[in-house]
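Reproduced below: target13.cif, with mmCIF, N, CA and C atoms.
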```cif
data_query
loop_
_atom_site.label_atom_id
_atom_site.label_comp_id
_atom_site.auth_asym_id
_atom_site.auth_seq_id
_atom_site.Cartn_x
_atom_site.Cartn_y
_atom_site.Cartn_z
N MET A 8 -31.18 21.27 42.13
CA MET A 8 -30.81 20.52 43.31
C MET A 8 -32.09 19.93 43.91
N SER A 9 -32.10 18.60 44.07
CA SER A 9 -33.27 17.96 44.66
C SER A 9 -33.14 17.91 46.17
N LYS A 10 -34.26 17.97 46.82
CA LYS A 10 -34.28 17.85 48.28
C LYS A 10 -34.61 16.41 48.60
N GLU A 11 -33.64 15.70 49.14
CA GLU A 11 -33.89 14.32 49.50
C GLU A 11 -34.00 14.20 51.01
N ILE A 12 -35.06 13.57 51.43
CA ILE A 12 -35.30 13.37 52.86
C ILE A 12 -35.36 11.87 53.11
N THR A 13 -34.59 11.40 54.08
CA THR A 13 -34.57 10.00 54.44
C THR A 13 -34.94 9.87 55.90
N ARG A 14 -35.86 8.98 56.20
CA ARG A 14 -36.26 8.72 57.58
C ARG A 14 -35.58 7.44 58.06
N PHE A 15 -35.09 7.46 59.31
CA PHE A 15 -34.38 6.31 59.86
C PHE A 15 -35.12 5.77 61.07
N GLY A 16 -35.16 4.47 61.17
CA GLY A 16 -35.77 3.82 62.32
C GLY A 16 -37.24 3.59 62.12
N ASN A 17 -37.75 2.66 62.88
CA ASN A 17 -39.18 2.37 62.86
C ASN A 17 -39.91 3.36 63.76
N ILE A 18 -41.19 3.51 63.52
CA ILE A 18 -41.99 4.33 64.42
C ILE A 18 -41.90 3.69 65.79
N PRO A 19 -41.42 4.43 66.79
CA PRO A 19 -41.20 3.83 68.12
C PRO A 19 -42.50 3.56 68.87
N SER A 20 -42.38 2.72 69.87
CA SER A 20 -43.50 2.42 70.76
C SER A 20 -43.16 2.88 72.16
N GLY A 21 -44.18 3.36 72.85
CA GLY A 21 -44.02 3.76 74.24
C GLY A 21 -44.54 2.68 75.16
N ALA A 22 -44.82 3.07 76.38
CA ALA A 22 -45.33 2.13 77.37
C ALA A 22 -46.60 1.47 76.86
N GLY A 23 -46.73 0.18 77.11
CA GLY A 23 -47.90 -0.55 76.66
C GLY A 23 -47.91 -0.81 75.17
N GLY A 24 -46.81 -0.54 74.48
CA GLY A 24 -46.73 -0.80 73.04
C GLY A 24 -47.42 0.23 72.17
N GLN A 25 -47.86 1.33 72.75
CA GLN A 25 -48.54 2.37 71.97
C GLN A 25 -47.56 3.02 71.01
N ARG A 26 -47.93 3.08 69.72
CA ARG A 26 -47.06 3.68 68.71
C ARG A 26 -47.00 5.20 68.88
N LEU A 27 -45.79 5.73 68.72
CA LEU A 27 -45.56 7.16 68.85
C LEU A 27 -45.40 7.76 67.45
N PRO A 28 -46.07 8.85 67.14
CA PRO A 28 -46.15 9.36 65.77
C PRO A 28 -44.96 10.24 65.34
N PHE A 29 -43.76 9.65 65.29
CA PHE A 29 -42.60 10.40 64.79
C PHE A 29 -41.52 9.43 64.35
N SER A 30 -40.62 9.93 63.51
CA SER A 30 -39.44 9.16 63.10
C SER A 30 -38.31 9.46 64.08
N PRO A 31 -37.55 8.46 64.47
CA PRO A 31 -36.43 8.71 65.37
C PRO A 31 -35.40 9.67 64.80
N ALA A 32 -35.12 9.56 63.50
CA ALA A 32 -34.13 10.46 62.86
C ALA A 32 -34.53 10.69 61.42
N VAL A 33 -34.23 11.89 60.93
CA VAL A 33 -34.52 12.26 59.55
C VAL A 33 -33.31 12.99 58.99
N ARG A 34 -32.83 12.52 57.83
CA ARG A 34 -31.75 13.22 57.13
C ARG A 34 -32.38 14.13 56.09
N ALA A 35 -31.94 15.38 56.09
CA ALA A 35 -32.33 16.35 55.07
C ALA A 35 -31.03 16.96 54.55
N GLY A 36 -30.58 16.50 53.40
CA GLY A 36 -29.30 16.96 52.88
C GLY A 36 -28.18 16.46 53.77
N ASP A 37 -27.34 17.38 54.21
CA ASP A 37 -26.19 17.02 55.05
C ASP A 37 -26.51 17.04 56.55
N PHE A 38 -27.75 17.36 56.89
CA PHE A 38 -28.15 17.43 58.30
C PHE A 38 -29.00 16.24 58.70
N VAL A 39 -28.81 15.80 59.93
CA VAL A 39 -29.63 14.73 60.51
C VAL A 39 -30.30 15.31 61.75
N PHE A 40 -31.62 15.24 61.77
CA PHE A 40 -32.42 15.75 62.88
C PHE A 40 -32.93 14.55 63.67
N CYS A 41 -32.58 14.49 64.94
CA CYS A 41 -33.01 13.38 65.79
C CYS A 41 -34.12 13.86 66.71
N SER A 42 -35.19 13.09 66.75
CA SER A 42 -36.30 13.41 67.64
C SER A 42 -35.83 13.37 69.08
N GLY A 43 -36.52 14.13 69.93
CA GLY A 43 -36.19 14.16 71.34
C GLY A 43 -36.19 12.77 71.95
N GLN A 44 -35.15 12.49 72.71
CA GLN A 44 -35.00 11.20 73.37
C GLN A 44 -35.17 11.39 74.88
N VAL A 45 -35.79 10.42 75.50
CA VAL A 45 -35.95 10.40 76.95
C VAL A 45 -35.30 9.12 77.46
N ALA A 46 -35.39 8.88 78.75
CA ALA A 46 -34.76 7.71 79.37
C ALA A 46 -35.63 6.47 79.23
N MET A 47 -36.10 6.21 78.01
CA MET A 47 -36.97 5.06 77.76
C MET A 47 -36.13 3.82 77.49
N LYS A 48 -36.44 2.76 78.21
CA LYS A 48 -35.76 1.48 78.01
C LYS A 48 -36.39 0.77 76.81
N GLU A 49 -35.77 -0.34 76.41
CA GLU A 49 -36.24 -1.10 75.24
C GLU A 49 -37.69 -1.56 75.40
N ASN A 50 -38.13 -1.78 76.64
CA ASN A 50 -39.50 -2.25 76.87
C ASN A 50 -40.53 -1.12 76.90
N GLY A 51 -40.09 0.12 76.64
CA GLY A 51 -41.01 1.25 76.61
C GLY A 51 -41.21 1.92 77.95
N GLU A 52 -40.62 1.39 78.99
CA GLU A 52 -40.73 1.98 80.33
C GLU A 52 -39.60 2.97 80.55
N ILE A 53 -39.84 3.96 81.40
CA ILE A 53 -38.82 4.97 81.71
C ILE A 53 -37.86 4.42 82.77
N GLU A 54 -36.58 4.69 82.55
CA GLU A 54 -35.51 4.31 83.49
C GLU A 54 -35.85 4.85 84.88
N THR A 55 -35.74 4.00 85.87
CA THR A 55 -35.96 4.47 87.24
C THR A 55 -34.71 5.18 87.72
N GLY A 56 -34.85 5.93 88.78
CA GLY A 56 -33.70 6.62 89.35
C GLY A 56 -33.75 8.10 89.08
N GLY A 57 -32.69 8.76 89.47
CA GLY A 57 -32.62 10.21 89.39
C GLY A 57 -32.06 10.72 88.07
N ILE A 58 -31.66 11.97 88.11
CA ILE A 58 -31.19 12.64 86.90
C ILE A 58 -29.94 11.98 86.33
N GLU A 59 -29.06 11.44 87.16
CA GLU A 59 -27.85 10.80 86.64
C GLU A 59 -28.18 9.59 85.76
N SER A 60 -28.94 8.66 86.29
CA SER A 60 -29.27 7.46 85.52
C SER A 60 -30.13 7.79 84.31
N GLN A 61 -31.04 8.75 84.46
CA GLN A 61 -31.88 9.11 83.33
C GLN A 61 -31.10 9.86 82.25
N THR A 62 -30.14 10.69 82.64
CA THR A 62 -29.32 11.37 81.63
C THR A 62 -28.47 10.36 80.87
N ARG A 63 -27.88 9.41 81.58
CA ARG A 63 -27.08 8.39 80.91
C ARG A 63 -27.91 7.58 79.92
N ARG A 64 -29.08 7.14 80.35
CA ARG A 64 -29.95 6.35 79.46
C ARG A 64 -30.37 7.20 78.26
N THR A 65 -30.71 8.46 78.51
CA THR A 65 -31.12 9.34 77.42
C THR A 65 -29.99 9.54 76.42
N MET A 66 -28.78 9.77 76.91
CA MET A 66 -27.64 9.96 76.01
C MET A 66 -27.33 8.69 75.23
N GLU A 67 -27.49 7.53 75.84
CA GLU A 67 -27.30 6.28 75.11
C GLU A 67 -28.36 6.13 74.02
N ASN A 68 -29.59 6.58 74.31
CA ASN A 68 -30.63 6.56 73.29
C ASN A 68 -30.31 7.52 72.16
N VAL A 69 -29.76 8.69 72.48
CA VAL A 69 -29.34 9.65 71.46
C VAL A 69 -28.27 9.00 70.57
N LYS A 70 -27.29 8.36 71.17
CA LYS A 70 -26.23 7.71 70.40
C LYS A 70 -26.81 6.64 69.47
N ARG A 71 -27.77 5.87 69.98
CA ARG A 71 -28.38 4.81 69.17
C ARG A 71 -29.11 5.39 67.96
N VAL A 72 -29.88 6.45 68.19
CA VAL A 72 -30.64 7.07 67.09
C VAL A 72 -29.69 7.70 66.07
N LEU A 73 -28.65 8.37 66.55
CA LEU A 73 -27.65 8.91 65.62
C LEU A 73 -27.05 7.80 64.77
N GLY A 74 -26.78 6.66 65.38
CA GLY A 74 -26.21 5.53 64.66
C GLY A 74 -27.10 5.03 63.54
N LEU A 75 -28.42 5.14 63.70
CA LEU A 75 -29.34 4.73 62.63
C LEU A 75 -29.06 5.50 61.34
N ALA A 76 -28.59 6.74 61.48
CA ALA A 76 -28.32 7.60 60.33
C ALA A 76 -26.83 7.65 60.00
N GLY A 77 -26.04 6.76 60.60
CA GLY A 77 -24.61 6.73 60.31
C GLY A 77 -23.84 7.85 60.96
N CYS A 78 -24.35 8.39 62.04
CA CYS A 78 -23.70 9.50 62.75
C CYS A 78 -23.31 9.07 64.15
N ASP A 79 -22.50 9.90 64.80
CA ASP A 79 -22.19 9.71 66.21
C ASP A 79 -22.14 11.07 66.88
N LEU A 80 -21.80 11.09 68.15
CA LEU A 80 -21.81 12.35 68.91
C LEU A 80 -20.85 13.39 68.34
N ASN A 81 -19.80 12.95 67.66
CA ASN A 81 -18.87 13.90 67.06
C ASN A 81 -19.49 14.71 65.93
N ASP A 82 -20.60 14.22 65.37
CA ASP A 82 -21.28 14.91 64.27
C ASP A 82 -22.33 15.91 64.76
N VAL A 83 -22.60 15.92 66.06
CA VAL A 83 -23.66 16.77 66.61
C VAL A 83 -23.21 18.23 66.64
N VAL A 84 -24.06 19.11 66.09
CA VAL A 84 -23.76 20.54 66.06
C VAL A 84 -24.67 21.36 66.97
N LYS A 85 -25.84 20.79 67.34
CA LYS A 85 -26.79 21.53 68.18
C LYS A 85 -27.56 20.55 69.04
N VAL A 86 -27.71 20.90 70.31
CA VAL A 86 -28.45 20.08 71.27
C VAL A 86 -29.50 20.96 71.93
N SER A 87 -30.71 20.42 72.07
CA SER A 87 -31.76 21.08 72.84
C SER A 87 -32.10 20.15 74.01
N VAL A 88 -32.15 20.73 75.21
CA VAL A 88 -32.38 19.95 76.42
C VAL A 88 -33.56 20.54 77.17
N TRP A 89 -34.41 19.65 77.66
CA TRP A 89 -35.50 20.04 78.54
C TRP A 89 -35.31 19.30 79.85
N LEU A 90 -35.26 20.05 80.95
CA LEU A 90 -35.14 19.46 82.28
C LEU A 90 -36.44 19.68 83.04
N ASP A 91 -36.87 18.66 83.74
CA ASP A 91 -38.09 18.76 84.54
C ASP A 91 -37.88 19.65 85.76
N ASP A 92 -36.68 19.63 86.33
CA ASP A 92 -36.39 20.34 87.58
C ASP A 92 -35.08 21.10 87.43
N THR A 93 -35.12 22.40 87.61
CA THR A 93 -33.91 23.21 87.45
C THR A 93 -32.82 22.83 88.46
N ARG A 94 -33.20 22.23 89.56
CA ARG A 94 -32.20 21.81 90.56
C ARG A 94 -31.29 20.70 90.02
N ASP A 95 -31.70 20.07 88.92
CA ASP A 95 -30.90 19.00 88.31
C ASP A 95 -29.85 19.53 87.33
N PHE A 96 -29.83 20.84 87.09
CA PHE A 96 -28.99 21.42 86.05
C PHE A 96 -27.52 21.07 86.19
N TRP A 97 -26.93 21.25 87.36
CA TRP A 97 -25.49 21.02 87.52
C TRP A 97 -25.14 19.54 87.45
N THR A 98 -25.97 18.69 88.00
CA THR A 98 -25.73 17.25 87.90
C THR A 98 -25.87 16.80 86.45
N PHE A 99 -26.90 17.30 85.77
CA PHE A 99 -27.05 16.99 84.35
C PHE A 99 -25.81 17.41 83.57
N ASN A 100 -25.31 18.62 83.81
CA ASN A 100 -24.13 19.11 83.09
C ASN A 100 -22.91 18.21 83.30
N ARG A 101 -22.75 17.69 84.51
CA ARG A 101 -21.62 16.81 84.79
C ARG A 101 -21.68 15.55 83.91
N ILE A 102 -22.85 14.93 83.82
CA ILE A 102 -23.01 13.73 83.00
C ILE A 102 -22.89 14.08 81.52
N TYR A 103 -23.51 15.15 81.12
CA TYR A 103 -23.48 15.61 79.72
C TYR A 103 -22.04 15.80 79.25
N THR A 104 -21.20 16.39 80.11
CA THR A 104 -19.80 16.63 79.77
C THR A 104 -19.05 15.32 79.52
N GLU A 105 -19.43 14.25 80.18
CA GLU A 105 -18.81 12.94 79.94
C GLU A 105 -19.01 12.50 78.50
N TYR A 106 -20.09 12.91 77.89
CA TYR A 106 -20.40 12.51 76.52
C TYR A 106 -19.82 13.46 75.47
N PHE A 107 -19.78 14.75 75.77
CA PHE A 107 -19.33 15.72 74.77
C PHE A 107 -17.95 16.33 75.06
N GLY A 108 -17.41 16.13 76.24
CA GLY A 108 -16.05 16.56 76.53
C GLY A 108 -15.83 18.06 76.46
N ASP A 109 -14.62 18.43 76.02
CA ASP A 109 -14.19 19.82 76.03
C ASP A 109 -14.61 20.62 74.80
N ASN A 110 -15.18 19.97 73.79
CA ASN A 110 -15.61 20.66 72.57
C ASN A 110 -17.09 20.37 72.30
N PRO A 111 -17.95 20.81 73.20
CA PRO A 111 -19.37 20.48 73.05
C PRO A 111 -20.02 21.28 71.92
N PRO A 112 -21.14 20.76 71.41
CA PRO A 112 -21.90 21.49 70.40
C PRO A 112 -22.65 22.67 71.02
N ALA A 113 -23.25 23.50 70.18
CA ALA A 113 -24.14 24.55 70.66
C ALA A 113 -25.29 23.87 71.42
N ARG A 114 -25.84 24.57 72.42
CA ARG A 114 -26.88 23.94 73.23
C ARG A 114 -27.85 24.96 73.80
N SER A 115 -29.09 24.54 73.90
CA SER A 115 -30.11 25.26 74.65
C SER A 115 -30.59 24.33 75.75
N CYS A 116 -30.94 24.90 76.91
CA CYS A 116 -31.44 24.08 78.01
C CYS A 116 -32.50 24.89 78.74
N VAL A 117 -33.69 24.31 78.85
CA VAL A 117 -34.80 24.99 79.52
C VAL A 117 -35.50 24.04 80.48
N GLN A 118 -36.27 24.60 81.38
CA GLN A 118 -37.12 23.80 82.24
C GLN A 118 -38.46 23.63 81.56
N SER A 119 -39.01 22.43 81.66
CA SER A 119 -40.29 22.17 81.04
C SER A 119 -40.96 20.98 81.73
N ALA A 120 -42.28 21.02 81.82
CA ALA A 120 -43.02 19.84 82.25
C ALA A 120 -42.90 18.81 81.13
N MET A 121 -42.73 17.56 81.48
CA MET A 121 -42.53 16.50 80.50
C MET A 121 -43.85 15.81 80.14
N MET A 122 -43.87 15.25 78.94
CA MET A 122 -45.05 14.53 78.47
C MET A 122 -45.13 13.13 79.07
N VAL A 123 -43.99 12.61 79.50
CA VAL A 123 -43.94 11.31 80.18
C VAL A 123 -43.22 11.52 81.51
N ASP A 124 -43.23 10.51 82.35
CA ASP A 124 -42.65 10.64 83.69
C ASP A 124 -41.13 10.49 83.64
N CYS A 125 -40.47 11.53 83.12
CA CYS A 125 -39.01 11.51 83.03
C CYS A 125 -38.46 12.84 83.52
N LYS A 126 -37.15 12.89 83.68
CA LYS A 126 -36.50 14.09 84.20
C LYS A 126 -35.80 14.90 83.14
N VAL A 127 -35.55 14.31 81.95
CA VAL A 127 -34.79 14.99 80.91
C VAL A 127 -35.21 14.50 79.53
N GLU A 128 -35.19 15.40 78.57
CA GLU A 128 -35.37 15.07 77.16
C GLU A 128 -34.27 15.78 76.39
N ILE A 129 -33.69 15.07 75.42
CA ILE A 129 -32.58 15.63 74.64
C ILE A 129 -32.86 15.40 73.16
N GLU A 130 -32.73 16.48 72.39
CA GLU A 130 -32.90 16.45 70.93
C GLU A 130 -31.61 16.95 70.31
N VAL A 131 -31.13 16.30 69.24
CA VAL A 131 -29.90 16.74 68.62
C VAL A 131 -30.06 16.92 67.12
N THR A 132 -29.20 17.80 66.58
CA THR A 132 -29.05 17.96 65.15
C THR A 132 -27.59 17.68 64.83
N ALA A 133 -27.36 16.81 63.85
CA ALA A 133 -26.01 16.46 63.43
C ALA A 133 -25.76 16.94 62.01
N TYR A 134 -24.50 17.18 61.71
CA TYR A 134 -24.08 17.57 60.37
C TYR A 134 -23.07 16.54 59.88
N LYS A 135 -23.43 15.83 58.81
CA LYS A 135 -22.54 14.84 58.23
C LYS A 135 -22.81 14.80 56.73
N PRO A 136 -21.93 15.42 55.94
CA PRO A 136 -22.15 15.44 54.50
C PRO A 136 -22.36 14.04 53.94
N VAL A 137 -23.26 13.95 52.99
CA VAL A 137 -23.60 12.67 52.36
C VAL A 137 -22.42 12.16 51.58
#
```
Target format structure tokens, applied to this file:
Amino acid sequence: MSKEITRFGNIPSGAGGQRLPFSPAVRAGDFVFCSGQVAMKENGEIETGGIESQTRRTMENVKRVLGLAGCDLNDVVKVSVWLDDTRDFWTFNRIYTEYFGDNPPARSCVQSAMMVDCKVEIEVTAYKPV
């Protein structure tokens, strides 16, 4: 059995066009691993506003990256979430539920200082047999 790894998407750019050293999504067998997404707009700037607008933008970015690998939110089996402020937890959960509904994937959620000026980062793993 050969191990085939496929990378999806171009190396992304952050603010000021600086290249970021990771692939947006990587397929390894039947699993797709998506790099952590933040509320970054197409121009590389972070979405303004609070946890609601940033969670929505981040989830839309997750959906876009999943789409690069032919997946969608229904294929997600594990989510890792980093929140900048624990006080945002319940508001984040309300928005998150809009995307995953009553049958959400497994999830971890922790507080963490962010590498960029954002309130949330979301990383997903999807399962979609080749």
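Between CA of Glu130 (chain A) and atom C of Ser115 (chain A) there is a distance of 9.5 Å.
A straight line drawn from CA of Leu75 (chain A) to CA of Asn50 (chain A) is 18.8 Å long.
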* List every residue of chain A that DSSP, applied to the backbone of this structure, places in alpha helix (DSSP H), and write the result as a ChimeraX atom specification. => /A:58-75,96-107
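Proximity of A:Glu105, A:Glu59, A:Glu49, A:Glu128 to Val88 (chain A), computed with all atoms listed in the file, is greatest for A:Glu128.
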* To do: Determine which residues of chain A receive a DSSP assignment of strand (DSSP E or B), computed from the backbone, and state them as JSON, numbers by chain.
  => {"A": [12, 13, 14, 15, 20, 26, 32, 33, 34, 35, 38, 39, 40, 41, 42, 43, 44, 47, 53, 83, 84, 85, 86, 87, 88, 89, 90, 113, 114, 115, 116, 117, 118, 127, 128, 129, 130, 131, 132, 133, 134]}
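Protein, DNA and RNA residues at most 9 Å from (-33.9, 9.2, 81.2), with only C-alpha atoms, are these: Gln44, Val45, Ala46, Met47, Lys48, Ile53, Glu54, Thr55, Gly56, Gly57, Ile58, Glu59, Ser60, Gln61, Thr62, Arg63, Arg64, Thr65, Met66, Asn68, Cys125, Lys126, Val127 and Glu128 of chain A.
Applied to the shown file, the PyMOL selection byres ((chain A and resi 118) around 6) selects the residues Trp89, Leu90, Asp91, Asp92, Thr93, Cys116, Val117, Ser119 and Ala120 of chain A.
One distance worth recording is that between atom C of Glu67 (chain A) and atom N of Val137 (chain A), which is 23.0 Å.
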* Give as JSON, numbers by chain the residues that the PyMOL selection byres (((chain A and resi 72 and name CA) around 9) and name CA) matches when applied to the coordinates above. => {"A": [15, 16, 31, 32, 41, 42, 44, 67, 68, 69, 70, 71, 73, 74, 75, 76, 78, 79]}
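When only N, CA and C atoms are used to compute distances to Ser30 (chain A), the closest of the residues A:Met121, A:Gly43, A:Gly77, A:Pro111 turns out to be A:Gly43.
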* Care to translate the PyMOL selection byres (((chain A and resi 133-135 and name CA) around 10) and name CA) into actual residues of this file, as a VMD selection string? -> chain A and resid 34 to 41 73 76 to 86 112 131 to 132 136 to 137
